[in-house]
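> This is the content of input.csv (CSV, C-alpha atoms):
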```csv
chain,number,residue,atom,x,y,z
A,275,MET,CA,76.3,116.7,122.5
A,276,ARG,CA,75.8,113.0,123.1
A,277,GLY,CA,78.0,110.3,121.7
A,278,LEU,CA,77.9,106.5,121.6
A,279,VAL,CA,80.6,104.7,123.6
A,280,PHE,CA,81.5,101.0,123.8
A,281,THR,CA,81.5,100.2,127.5
A,282,GLY,CA,82.5,96.6,127.4
A,283,ASP,CA,80.9,93.1,127.5
A,284,ARG,CA,78.7,93.8,124.5
A,285,SER,CA,77.2,97.0,125.9
A,286,VAL,CA,77.1,100.6,124.7
A,287,ALA,CA,76.0,103.9,126.3
A,288,LEU,CA,75.2,107.4,125.1
A,289,MET,CA,77.4,109.8,127.1
A,290,ASP,CA,77.6,113.6,127.2
A,291,PHE,CA,80.6,115.4,125.7
A,292,PRO,CA,81.3,119.1,125.0
A,293,ASP,CA,80.6,120.3,121.5
A,294,PRO,CA,84.0,120.4,119.7
A,295,THR,CA,85.7,123.6,118.5
A,296,PRO,CA,88.4,123.5,115.9
A,297,GLY,CA,92.0,124.3,116.6
A,298,GLU,CA,94.9,125.1,114.3
A,299,GLY,CA,94.6,123.0,111.1
A,300,GLU,CA,91.3,121.4,112.3
A,301,VAL,CA,87.7,121.3,111.2
A,302,VAL,CA,84.5,120.4,112.9
A,303,LEU,CA,82.1,118.2,110.9
A,304,GLN,CA,78.3,117.9,111.3
A,305,ILE,CA,78.0,114.1,111.0
A,306,LYS,CA,75.3,113.0,108.6
A,307,ALA,CA,76.0,109.2,108.7
A,308,SER,CA,78.3,106.9,110.6
A,309,GLY,CA,78.7,103.4,109.5
A,310,MET,CA,79.1,100.1,111.5
A,311,CYS,CA,82.1,98.1,110.6
A,312,GLY,CA,82.9,94.4,111.4
A,313,SER,CA,86.1,95.5,113.1
A,314,ASP,CA,84.0,97.5,115.6
A,315,LEU,CA,82.8,94.2,117.0
A,316,LYS,CA,86.2,93.3,118.6
A,317,PHE,CA,85.9,96.5,120.7
A,318,TYR,CA,82.2,95.9,121.4
A,319,ARG,CA,82.9,92.4,122.6
A,320,MET,CA,85.9,93.2,124.8
A,321,PRO,CA,85.5,92.8,128.6
A,322,LYS,CA,85.0,95.9,130.7
A,323,GLY,CA,88.1,97.9,131.3
A,324,GLY,CA,89.9,101.2,130.7
A,325,ASN,CA,92.1,100.2,127.7
A,326,ALA,CA,92.2,101.8,124.3
A,327,GLY,CA,89.7,100.4,121.8
A,328,LEU,CA,87.0,99.7,124.4
A,329,GLY,CA,85.5,103.2,124.3
A,330,PHE,CA,88.3,104.5,126.5
A,331,ALA,CA,91.6,106.0,125.4
A,332,MET,CA,94.9,105.0,127.1
A,333,HIS,CA,94.4,107.7,129.7
A,334,GLY,CA,91.0,106.2,130.6
A,335,THR,CA,88.7,108.9,129.1
A,336,PRO,CA,85.6,107.7,127.2
A,337,VAL,CA,86.0,107.8,123.5
A,338,ILE,CA,83.1,108.1,121.0
A,339,ALA,CA,82.9,105.1,118.7
A,340,GLY,CA,82.6,104.9,114.9
A,341,HIS,CA,85.4,105.0,112.3
A,342,GLU,CA,83.2,105.4,109.2
A,343,PRO,CA,82.2,109.1,109.5
A,344,CYS,CA,80.7,111.2,106.7
A,345,GLY,CA,79.2,114.7,106.9
A,346,GLU,CA,79.6,118.4,106.1
A,347,VAL,CA,82.2,120.9,107.3
A,348,LEU,CA,80.5,123.0,110.0
A,349,ALA,CA,83.5,125.0,111.3
A,350,VAL,CA,87.0,125.7,110.1
A,351,GLY,CA,89.9,126.4,112.4
A,352,PRO,CA,92.9,128.8,111.8
A,353,GLY,CA,95.5,127.7,109.3
A,354,VAL,CA,93.1,125.7,107.1
A,355,SER,CA,93.2,126.7,103.5
A,356,PRO,CA,90.1,126.7,101.2
A,357,LYS,CA,91.7,123.9,99.2
A,358,GLU,CA,91.7,121.7,102.3
A,359,ALA,CA,88.2,122.4,103.5
A,360,ARG,CA,85.4,124.9,103.2
A,361,LEU,CA,82.2,125.5,105.0
A,362,GLY,CA,79.4,123.2,103.8
A,363,GLN,CA,81.7,120.9,101.9
A,364,ARG,CA,80.6,117.2,101.8
A,365,VAL,CA,83.4,115.0,103.1
A,366,ILE,CA,84.5,111.5,104.2
A,367,VAL,CA,87.1,111.2,107.0
A,368,HIS,CA,90.2,109.0,106.5
A,369,HIS,CA,90.0,107.7,110.0
A,370,TYR,CA,93.8,107.8,110.9
A,371,ASN,CA,96.0,110.7,111.8
A,372,GLY,CA,99.8,110.3,111.6
A,373,CYS,CA,102.9,112.5,111.9
A,374,GLY,CA,102.2,114.0,108.4
A,375,VAL,CA,105.9,114.1,107.3
A,376,CYS,CA,107.1,110.5,107.0
A,377,GLU,CA,107.1,108.7,103.7
A,378,HIS,CA,103.8,106.9,104.5
A,379,CYS,CA,101.9,109.9,105.7
A,380,ARG,CA,103.1,112.0,102.7
A,381,THR,CA,101.6,109.4,100.3
A,382,GLY,CA,98.3,109.2,102.1
A,383,TRP,CA,99.0,106.0,104.2
A,384,SER,CA,98.9,107.6,107.6
A,385,GLN,CA,97.8,104.3,109.2
A,386,MET,CA,101.4,103.2,108.5
A,387,CYS,CA,103.0,106.2,110.0
A,388,ALA,CA,106.7,105.6,110.8
A,389,GLU,CA,106.3,107.5,114.0
A,390,GLY,CA,103.3,105.6,115.1
A,391,VAL,CA,99.7,106.6,114.4
A,392,ALA,CA,98.7,109.6,116.5
A,393,ALA,CA,95.0,108.8,116.4
A,394,ILE,CA,92.6,106.2,115.1
A,395,TYR,CA,89.2,107.9,115.1
A,396,GLY,CA,86.5,105.9,116.8
A,397,VAL,CA,89.2,103.8,118.7
A,398,THR,CA,91.8,106.1,120.4
A,399,ALA,CA,90.1,109.4,119.5
A,400,HIS,CA,86.5,110.5,119.1
A,401,GLY,CA,84.7,109.0,116.2
A,402,GLY,CA,81.6,109.5,114.2
A,403,HIS,CA,78.8,108.1,116.4
A,404,ALA,CA,77.9,111.6,117.5
A,405,PRO,CA,76.4,114.8,115.9
A,406,PHE,CA,79.7,116.5,115.6
A,407,MET,CA,83.4,115.4,115.1
A,408,LYS,CA,86.7,117.3,115.2
A,409,VAL,CA,89.5,116.2,112.9
A,410,PRO,CA,92.6,117.6,111.1
A,411,ALA,CA,91.6,119.0,107.7
A,412,LYS,CA,94.3,116.8,106.1
A,413,THR,CA,92.2,113.7,106.9
A,414,LEU,CA,89.3,114.9,104.7
A,415,VAL,CA,88.4,113.4,101.3
A,416,PRO,CA,85.7,115.1,99.2
A,417,LEU,CA,82.4,113.2,98.8
A,418,PRO,CA,81.0,113.6,95.3
A,419,ASP,CA,77.5,115.2,95.1
A,420,GLU,CA,76.2,112.0,93.4
A,421,VAL,CA,77.0,109.9,96.4
A,422,SER,CA,74.8,109.8,99.5
A,423,PHE,CA,76.1,110.5,103.0
A,424,THR,CA,75.3,106.9,104.0
A,425,ALA,CA,77.2,105.5,101.0
A,426,GLY,CA,80.1,107.8,101.9
A,427,ALA,CA,80.1,106.3,105.4
A,428,ALA,CA,80.5,102.8,103.9
A,429,ILE,CA,83.3,104.0,101.6
A,430,ALA,CA,85.0,105.5,104.7
A,431,CYS,CA,86.1,102.0,105.7
A,432,GLY,CA,84.5,98.7,104.6
A,433,THR,CA,83.6,99.6,101.0
A,434,GLY,CA,86.9,101.5,100.5
A,435,THR,CA,88.8,98.5,101.8
A,436,ALA,CA,87.2,96.2,99.3
A,437,PHE,CA,87.9,98.6,96.4
A,438,ALA,CA,91.6,99.0,97.4
A,439,ALA,CA,92.1,95.2,97.6
A,440,LEU,CA,90.6,94.6,94.2
A,441,ARG,CA,92.8,97.4,92.7
A,442,ARG,CA,95.8,95.8,94.3
A,443,MET,CA,94.9,92.4,92.9
A,444,LYS,CA,94.5,94.0,89.4
A,445,LEU,CA,91.2,92.2,89.0
A,446,ASN,CA,89.9,92.2,85.4
A,447,GLY,CA,86.8,90.9,83.6
A,448,ALA,CA,88.5,87.7,82.4
A,449,ASP,CA,89.0,86.5,86.0
A,450,THR,CA,87.0,84.3,88.3
A,451,ILE,CA,87.2,85.6,91.8
A,452,ALA,CA,86.1,83.7,95.0
A,453,ILE,CA,85.3,86.0,97.9
A,454,PHE,CA,85.3,84.4,101.3
A,455,GLY,CA,83.0,86.2,103.9
A,456,GLN,CA,80.0,88.2,102.8
A,457,GLY,CA,79.9,90.7,105.6
A,458,PRO,CA,80.0,94.4,104.6
A,459,VAL,CA,83.6,94.2,103.2
A,460,GLY,CA,82.9,91.0,101.3
A,461,LEU,CA,79.6,92.2,100.0
A,462,SER,CA,81.3,95.4,98.8
A,463,ALA,CA,84.0,93.3,97.0
A,464,THR,CA,81.2,91.2,95.4
A,465,GLN,CA,79.5,94.3,94.2
A,466,PHE,CA,82.7,95.9,92.8
A,467,ALA,CA,84.0,92.7,91.2
A,468,ALA,CA,80.7,92.1,89.5
A,469,ALA,CA,80.8,95.7,88.2
A,470,MET,CA,84.3,95.1,86.9
A,471,GLY,CA,83.1,92.2,84.9
A,472,ALA,CA,84.6,89.3,86.8
A,473,ARG,CA,82.8,86.0,87.5
A,474,VAL,CA,82.1,86.1,91.2
A,475,ILE,CA,81.9,83.1,93.6
A,476,ALA,CA,80.6,84.2,97.0
A,477,VAL,CA,81.3,82.1,100.1
A,478,ASP,CA,79.7,82.4,103.5
A,479,ILE,CA,78.1,80.3,106.3
A,480,SER,CA,75.1,82.6,106.5
A,481,PRO,CA,72.2,81.9,104.1
A,482,GLU,CA,71.0,85.5,104.6
A,483,ARG,CA,74.3,86.9,103.6
A,484,LEU,CA,74.6,84.6,100.6
A,485,ALA,CA,71.2,85.8,99.4
A,486,LEU,CA,72.5,89.4,99.6
A,487,ALA,CA,75.6,88.3,97.7
A,488,ARG,CA,73.4,86.9,94.9
A,489,ALA,CA,71.5,90.2,94.8
A,490,PHE,CA,74.8,92.0,94.5
A,491,GLY,CA,75.9,90.2,91.5
A,492,ALA,CA,77.5,86.9,92.7
A,493,ASP,CA,77.3,84.2,89.9
A,494,VAL,CA,77.6,81.3,92.4
A,495,CYS,CA,77.1,81.1,96.1
A,496,ILE,CA,78.7,78.4,98.3
A,497,ASN,CA,78.0,77.6,102.0
A,498,PRO,CA,81.0,75.8,103.6
A,499,ARG,CA,78.7,74.0,105.9
A,500,GLU,CA,77.2,72.2,102.9
A,501,THR,CA,80.1,71.4,100.7
A,502,ASP,CA,83.9,71.4,100.5
A,503,VAL,CA,84.7,74.8,99.1
A,504,PRO,CA,88.0,74.2,97.3
A,505,ASP,CA,86.5,71.1,95.6
A,506,ALA,CA,83.4,73.1,94.6
A,507,ILE,CA,85.4,75.9,93.2
A,508,ARG,CA,87.7,73.5,91.2
A,509,THR,CA,84.5,71.9,89.8
A,510,LEU,CA,83.3,75.3,88.7
A,511,THR,CA,86.6,76.2,87.1
A,512,HIS,CA,87.4,73.0,85.1
A,513,GLY,CA,89.6,71.7,87.8
A,514,ARG,CA,91.9,74.7,87.9
A,515,GLY,CA,90.7,76.9,90.8
A,516,ALA,CA,89.9,80.7,90.7
A,517,GLU,CA,92.4,83.1,89.3
A,518,GLN,CA,91.8,85.4,92.3
A,519,THR,CA,90.6,84.8,95.8
A,520,LEU,CA,89.9,87.3,98.5
A,521,ASP,CA,89.4,86.5,102.2
A,522,ALA,CA,87.3,88.9,104.1
A,523,SER,CA,86.3,86.4,106.8
A,524,GLY,CA,89.3,86.8,109.0
A,525,THR,CA,88.9,83.1,110.0
A,526,PRO,CA,91.5,80.4,109.8
A,527,GLU,CA,89.1,78.2,107.8
A,528,GLY,CA,88.2,81.0,105.4
A,529,ARG,CA,91.9,81.9,104.8
A,530,ILE,CA,93.2,78.4,104.1
A,531,ALA,CA,90.2,77.6,101.9
A,532,ALA,CA,90.9,80.8,99.9
A,533,ILE,CA,94.5,79.7,99.4
A,534,ARG,CA,93.5,76.2,98.4
A,535,SER,CA,90.8,77.5,96.0
A,536,THR,CA,93.3,79.6,94.0
A,537,ARG,CA,94.6,78.2,90.7
A,538,ALA,CA,98.3,77.8,89.9
A,539,TRP,CA,99.9,81.2,89.3
A,540,GLY,CA,96.9,82.8,90.9
A,541,THR,CA,96.6,85.5,93.6
A,542,CYS,CA,95.1,85.2,97.0
A,543,CYS,CA,94.5,88.4,99.1
A,544,PHE,CA,93.8,88.7,102.8
A,545,VAL,CA,91.8,91.7,104.1
A,546,GLY,CA,90.1,90.1,107.1
A,547,GLU,CA,91.6,91.4,110.4
A,548,GLY,CA,93.1,89.3,113.2
A,549,GLY,CA,93.6,85.7,113.9
A,550,ASN,CA,96.0,83.1,112.4
A,551,VAL,CA,96.2,80.5,109.7
A,552,THR,CA,98.4,77.4,109.2
A,553,ILE,CA,99.7,77.0,105.7
A,554,ASP,CA,101.4,73.9,104.4
A,555,VAL,CA,103.9,75.9,102.4
A,556,SER,CA,105.0,73.5,99.7
A,557,PRO,CA,101.7,72.1,98.4
A,558,ASP,CA,99.6,75.2,99.3
A,559,MET,CA,101.9,77.8,97.8
A,560,LEU,CA,105.3,76.9,96.4
A,561,ARG,CA,104.4,74.2,94.1
A,562,ARG,CA,101.5,76.2,92.7
A,563,GLN,CA,103.5,79.4,92.3
A,564,LEU,CA,100.9,81.2,94.4
A,565,SER,CA,101.0,85.0,95.1
A,566,LEU,CA,99.7,85.7,98.6
A,567,ILE,CA,99.2,89.4,99.4
A,568,ALA,CA,97.7,91.5,102.1
A,569,SER,CA,95.7,94.7,101.8
A,570,TRP,CA,95.1,97.0,104.8
A,571,THR,CA,92.3,99.6,104.3
A,572,PHE,CA,93.5,102.4,101.8
A,573,SER,CA,95.3,105.6,101.4
A,574,THR,CA,93.6,109.0,101.1
A,575,VAL,CA,94.3,108.8,97.3
A,576,LEU,CA,92.5,105.4,97.0
A,577,LEU,CA,89.7,106.6,99.2
A,578,ALA,CA,89.0,109.5,96.9
A,579,GLU,CA,89.4,107.2,93.9
A,580,CYS,CA,86.8,104.8,95.3
A,581,ALA,CA,84.3,107.6,96.0
A,582,ARG,CA,84.8,108.9,92.4
A,583,TYR,CA,84.4,105.3,91.0
A,584,VAL,CA,81.2,104.9,92.9
A,585,ALA,CA,79.8,108.1,91.5
A,586,ASP,CA,81.0,107.6,87.9
A,587,ARG,CA,79.9,104.0,87.6
A,588,GLY,CA,76.6,104.4,89.5
A,589,ILE,CA,77.5,101.7,92.1
A,590,GLU,CA,74.6,101.3,94.4
A,591,VAL,CA,76.5,101.2,97.7
A,592,ASP,CA,73.4,102.1,99.7
A,593,ARG,CA,72.1,98.6,98.9
A,594,LEU,CA,74.6,97.4,101.5
A,595,PHE,CA,72.5,98.8,104.3
A,596,THR,CA,69.8,96.5,105.7
A,597,HIS,CA,69.3,98.6,108.8
A,598,ARG,CA,69.4,102.4,109.5
A,599,TRP,CA,69.5,103.5,113.1
A,600,SER,CA,69.4,106.6,115.4
A,601,LEU,CA,72.1,106.9,118.0
A,602,GLU,CA,69.4,106.3,120.7
A,603,GLN,CA,69.0,102.8,119.1
A,604,GLY,CA,72.7,102.0,119.5
A,605,ALA,CA,72.2,99.0,121.8
A,606,ASP,CA,69.7,97.3,119.5
A,607,ALA,CA,71.9,98.2,116.5
A,608,TYR,CA,75.1,96.5,117.8
A,609,ARG,CA,73.1,93.6,119.3
A,610,LEU,CA,71.8,92.8,115.8
A,611,PHE,CA,75.1,93.5,114.0
A,612,ASP,CA,76.9,91.1,116.5
A,613,THR,CA,74.9,88.2,115.1
A,614,GLN,CA,76.8,88.6,111.8
A,615,THR,CA,73.8,87.6,109.7
A,616,SER,CA,72.6,90.9,108.5
A,617,GLY,CA,73.9,93.4,105.9
A,618,LYS,CA,75.5,96.6,107.0
A,619,GLY,CA,74.1,99.0,109.6
A,620,VAL,CA,74.5,102.8,109.7
A,621,PHE,CA,73.6,105.6,112.1
A,622,VAL,CA,71.8,108.4,110.4
A,623,ILE,CA,72.3,111.6,112.4
```
Could you show the structure in this file as structure tokens?


Amino acid sequence: MRGLVFTGDRSVALMDFPDPTPGEGEVVLQIKASGMCGSDLKFYRMPKGGNAGLGFAMHGTPVIAGHEPCGEVLAVGPGVSPKEARLGQRVIVHHYNGCGVCEHCRTGWSQMCAEGVAAIYGVTAHGGHAPFMKVPAKTLVPLPDEVSFTAGAAIACGTGTAFAALRRMKLNGADTIAIFGQGPVGLSATQFAAAMGARVIAVDISPERLALARAFGADVCINPRETDVPDAIRTLTHGRGAEQTLDASGTPEGRIAAIRSTRAWGTCCFVGEGGNVTIDVSPDMLRRQLSLIASWTFSTVLLAECARYVADRGIEVDRLFTHRWSLEQGADAYRLFDTQTSGKGVFVI
């Protein structure tokens, strides 16, 4: 089979790999859809080299990209029970593999494995940008029949991350929430928050992404290049600020604006990866009794809950996708995604 690899300096290549066969406790999936996530860009942009996360594992072997895999079980290895996986089953992959026995792994948070994560699929182990993928059966989460494979790929990381953050924030319909960054995660948060009945303020520097946010249910859209965001949000909330704010931008400017846009006794949540922010603790937090929390992806339990929520509530996750690609179009796909002006991209395999 051929898989898509990040080769450094904003380049990708289709490389040949052996078709996988399942070992003890493993399955092989026929990948139907593999999503593109904003966190892929840090690997796509890295300089050429043989380090992990650049398409090469620590030992220097090429690694297939893509950590939003969704597909069907094609082959089952020894030791896999029918309750774990069965042939033809529609599944999402929780893209981490831990020790399986520590407190975090046992509760579905294998990315927080006390022994160190054994694999991150699409980064240090082969991911979903290929026709087939081998994973432990314990990483699988059922995909409801009502949910498409492409929607399942989004749920596998970006959309699931947004859902888990809103659940942790305990968002309700009485709240105003300001969501900073309207990339795939922020747009998913906008879509979910609107479905949950909240008043949604979307913030982004891209007019194209703000237009998508409006279509996804945002009540107000704000471009930081045109106005002071905390001032604008206070104006919209009778001088108080938003009860909830969520930063999905991962930028210093977005993070501090989110903090300063939150009302007294409110909650600000960070989900955007990487970078730093400088907080003036007394005025920004202490004297407003602010709760600042962080939310990192999701557990297997929350991943399954998100998929079920999407199915039961009829959330149109597929509207996230502005572009669908074949693996042969990988260079064009990531070149466009790198501009961070479009919606979400997905490889349909």

> Atom CA of A:Glu517 and atom CA of A:Arg562, how far apart in Å?

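Answer for the atom CA of A:Arg562 to atom CA of A:Glu517 separation: 11.9 Å.
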
> Which residues of stretch 527-623 of chain A have any atom within 12 Å of an atom in stretch 278-290 of chain A when counting only C-alpha atoms, and what is the closest pair of atoms for each, with the distance in Å to one decimal? Order the rows by chain and rising number and write it as a Markdown table.


```
| residue | atom | partner | partner_atom | distance |
| --- | --- | --- | --- | --- |
| A:Ser600 | CA | A:Leu278 | CA | 10.5 |
| A:Leu601 | CA | A:Leu278 | CA | 6.8 |
| A:Glu602 | CA | A:Leu288 | CA | 7.4 |
| A:Gln603 | CA | A:Leu288 | CA | 9.8 |
| A:Gly604 | CA | A:Val286 | CA | 7.0 |
| A:Ala605 | CA | A:Val286 | CA | 5.9 |
| A:Asp606 | CA | A:Val286 | CA | 9.6 |
| A:Ala607 | CA | A:Val286 | CA | 10.0 |
| A:Tyr608 | CA | A:Arg284 | CA | 8.1 |
| A:Arg609 | CA | A:Arg284 | CA | 7.6 |
| A:Leu610 | CA | A:Arg284 | CA | 11.1 |
| A:Phe611 | CA | A:Arg284 | CA | 11.1 |
| A:Asp612 | CA | A:Arg284 | CA | 8.6 |
| A:Thr613 | CA | A:Arg284 | CA | 11.6 |
| A:Phe621 | CA | A:Leu278 | CA | 10.5 |
| A:Ile623 | CA | A:Leu278 | CA | 11.9 |
```

> Which residue out of A:Cys376, A:Ala393, A:Ala404, A:Ile429 has the minimum interatomic distance to A:Gly340 when only C-alpha atoms are used?

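The closest residue to A:Gly340 is A:Ala404.
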
> What's around A:Ala428 at 8 Å? Count all atoms listed in the file, leave out sequence neighbours fewer than 3 positions away in its own chain, and write the answer as a list in words.

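Listed by chain and then number, they are Gly309, Glu342, Thr424, Ala425, Cys431, Gly432, Thr433, Gly434 and Val591 of chain A.
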
> Pick the closest to A:Arg587 from A:Ile338, A:Met470, A:Met443, A:Ile567: which is it, counting all atoms listed in the file?

A:Met470

> Rounded to one decimal place, report the atom CA of A:Gly382-atom CA of A:Val337 distance in Å.

24.7 Å

> Can you tell me which residues surround A:Gly299 at a distance of at most 6 Å, considering all atoms listed in the file, apart from same-chain residues fewer than 3 positions away, and format the answer as a VMD selection string?

chain A and resid 351 353 to 354 410

> Can you pull out every residue within 10 Å of stretch 490-494 of chain A, counting all atoms listed in the file, but drop anything in the same chain fewer than 6 positions away, and send it as a PyMOL selection string?

chain A and resi 450-453+461-469+471-477+484+507+510+590-591+593-594

> Those same residues - C-alpha atoms - I'd like them written as a short mmCIF file (atom, residue, chain, number, x, y, z; two decimals), keeping the file's coordinate frame.


```cif
data_model
loop_
_atom_site.label_atom_id
_atom_site.label_comp_id
_atom_site.auth_asym_id
_atom_site.auth_seq_id
_atom_site.Cartn_x
_atom_site.Cartn_y
_atom_site.Cartn_z
CA THR A 450 87.00 84.30 88.30
CA ILE A 451 87.20 85.60 91.80
CA ALA A 452 86.10 83.70 95.00
CA ILE A 453 85.30 86.00 97.90
CA LEU A 461 79.60 92.20 100.00
CA SER A 462 81.30 95.40 98.80
CA ALA A 463 84.00 93.30 97.00
CA THR A 464 81.20 91.20 95.40
CA GLN A 465 79.50 94.30 94.20
CA PHE A 466 82.70 95.90 92.80
CA ALA A 467 84.00 92.70 91.20
CA ALA A 468 80.70 92.10 89.50
CA ALA A 469 80.80 95.70 88.20
CA GLY A 471 83.10 92.20 84.90
CA ALA A 472 84.60 89.30 86.80
CA ARG A 473 82.80 86.00 87.50
CA VAL A 474 82.10 86.10 91.20
CA ILE A 475 81.90 83.10 93.60
CA ALA A 476 80.60 84.20 97.00
CA VAL A 477 81.30 82.10 100.10
CA LEU A 484 74.60 84.60 100.60
CA ILE A 507 85.40 75.90 93.20
CA LEU A 510 83.30 75.30 88.70
CA GLU A 590 74.60 101.30 94.40
CA VAL A 591 76.50 101.20 97.70
CA ARG A 593 72.10 98.60 98.90
CA LEU A 594 74.60 97.40 101.50
#
```

> Using only C-alpha atoms, which of A:Ala489, A:Glu547, A:Glu500, A:Pro418 sits nearest A:Asp314?

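With only C-alpha atoms as the atom set, the closest residue is A:Glu547.
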
> I'd like the interatomic distance between atom CA of A:Val375 and atom CA of A:Ile394, to a tenth of an Å.

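One can read the atom CA of A:Val375 to atom CA of A:Ile394 distance as 17.3 Å.
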
> Restricting the calculation to only C-alpha atoms: of A:Met386, A:Ala532, A:Leu361, A:Ala411, which residue gets closest to A:Glu300?

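Checking each candidate against A:Glu300, we get A:Ala411 as the closest.
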
> At a cut-off of 6 Å, using only C-alpha atoms, what residues contact A:Gly619? Leave out same-chain residues fewer than 6 positions from it and give the result as a VMD selection string.

chain A and resid 310 595 597 to 598

> Can you work out which one of A:Leu560, A:Leu414, A:His368, A:Lys618 has the shortest atom-to-atom distance to A:Val301, counting all atoms listed in the file?

A:Leu414

> Around (96.4, 107.4, 109.9) in the file's own coordinates, what residues are found within 10 Å if you use only C-alpha atoms, given back as a PDB file with C-alpha atoms, in the coordinates of the input?


```pdb
ATOM      1  CA  HIS A 368      90.200 109.000 106.500  1.00  0.00           C
ATOM      2  CA  HIS A 369      90.000 107.700 110.000  1.00  0.00           C
ATOM      3  CA  TYR A 370      93.800 107.800 110.900  1.00  0.00           C
ATOM      4  CA  ASN A 371      96.000 110.700 111.800  1.00  0.00           C
ATOM      5  CA  GLY A 372      99.800 110.300 111.600  1.00  0.00           C
ATOM      6  CA  CYS A 373     102.900 112.500 111.900  1.00  0.00           C
ATOM      7  CA  GLY A 374     102.200 114.000 108.400  1.00  0.00           C
ATOM      8  CA  HIS A 378     103.800 106.900 104.500  1.00  0.00           C
ATOM      9  CA  CYS A 379     101.900 109.900 105.700  1.00  0.00           C
ATOM     10  CA  GLY A 382      98.300 109.200 102.100  1.00  0.00           C
ATOM     11  CA  TRP A 383      99.000 106.000 104.200  1.00  0.00           C
ATOM     12  CA  SER A 384      98.900 107.600 107.600  1.00  0.00           C
ATOM     13  CA  GLN A 385      97.800 104.300 109.200  1.00  0.00           C
ATOM     14  CA  MET A 386     101.400 103.200 108.500  1.00  0.00           C
ATOM     15  CA  CYS A 387     103.000 106.200 110.000  1.00  0.00           C
ATOM     16  CA  GLY A 390     103.300 105.600 115.100  1.00  0.00           C
ATOM     17  CA  VAL A 391      99.700 106.600 114.400  1.00  0.00           C
ATOM     18  CA  ALA A 392      98.700 109.600 116.500  1.00  0.00           C
ATOM     19  CA  ALA A 393      95.000 108.800 116.400  1.00  0.00           C
ATOM     20  CA  ILE A 394      92.600 106.200 115.100  1.00  0.00           C
ATOM     21  CA  TYR A 395      89.200 107.900 115.100  1.00  0.00           C
ATOM     22  CA  THR A 413      92.200 113.700 106.900  1.00  0.00           C
ATOM     23  CA  PHE A 572      93.500 102.400 101.800  1.00  0.00           C
ATOM     24  CA  SER A 573      95.300 105.600 101.400  1.00  0.00           C
ATOM     25  CA  THR A 574      93.600 109.000 101.100  1.00  0.00           C
TER      26      THR A 574
END
```

> Using only C-alpha atoms, pick whichever of A:Gly513, A:Pro352, A:Pro343, A:Pro504 has the shortest atom-to-atom distance to A:Ala531.

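Of A:Gly513, A:Pro352, A:Pro343, A:Pro504, the one nearest A:Ala531 is A:Pro504, counting only C-alpha atoms.
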
> Hey, what's within 7 Å of A:Val622 if we count all atoms listed in the file and toss same-chain stuff fewer than 2 positions away? As a PDB file with C-alpha atoms, in the coordinates of the input, please?


```pdb
ATOM      1  CA  LYS A 306      75.300 113.000 108.600  1.00  0.00           C
ATOM      2  CA  ALA A 307      76.000 109.200 108.700  1.00  0.00           C
ATOM      3  CA  SER A 308      78.300 106.900 110.600  1.00  0.00           C
ATOM      4  CA  ARG A 598      69.400 102.400 109.500  1.00  0.00           C
ATOM      5  CA  TRP A 599      69.500 103.500 113.100  1.00  0.00           C
ATOM      6  CA  SER A 600      69.400 106.600 115.400  1.00  0.00           C
ATOM      7  CA  VAL A 620      74.500 102.800 109.700  1.00  0.00           C
TER       8      VAL A 620
END
```
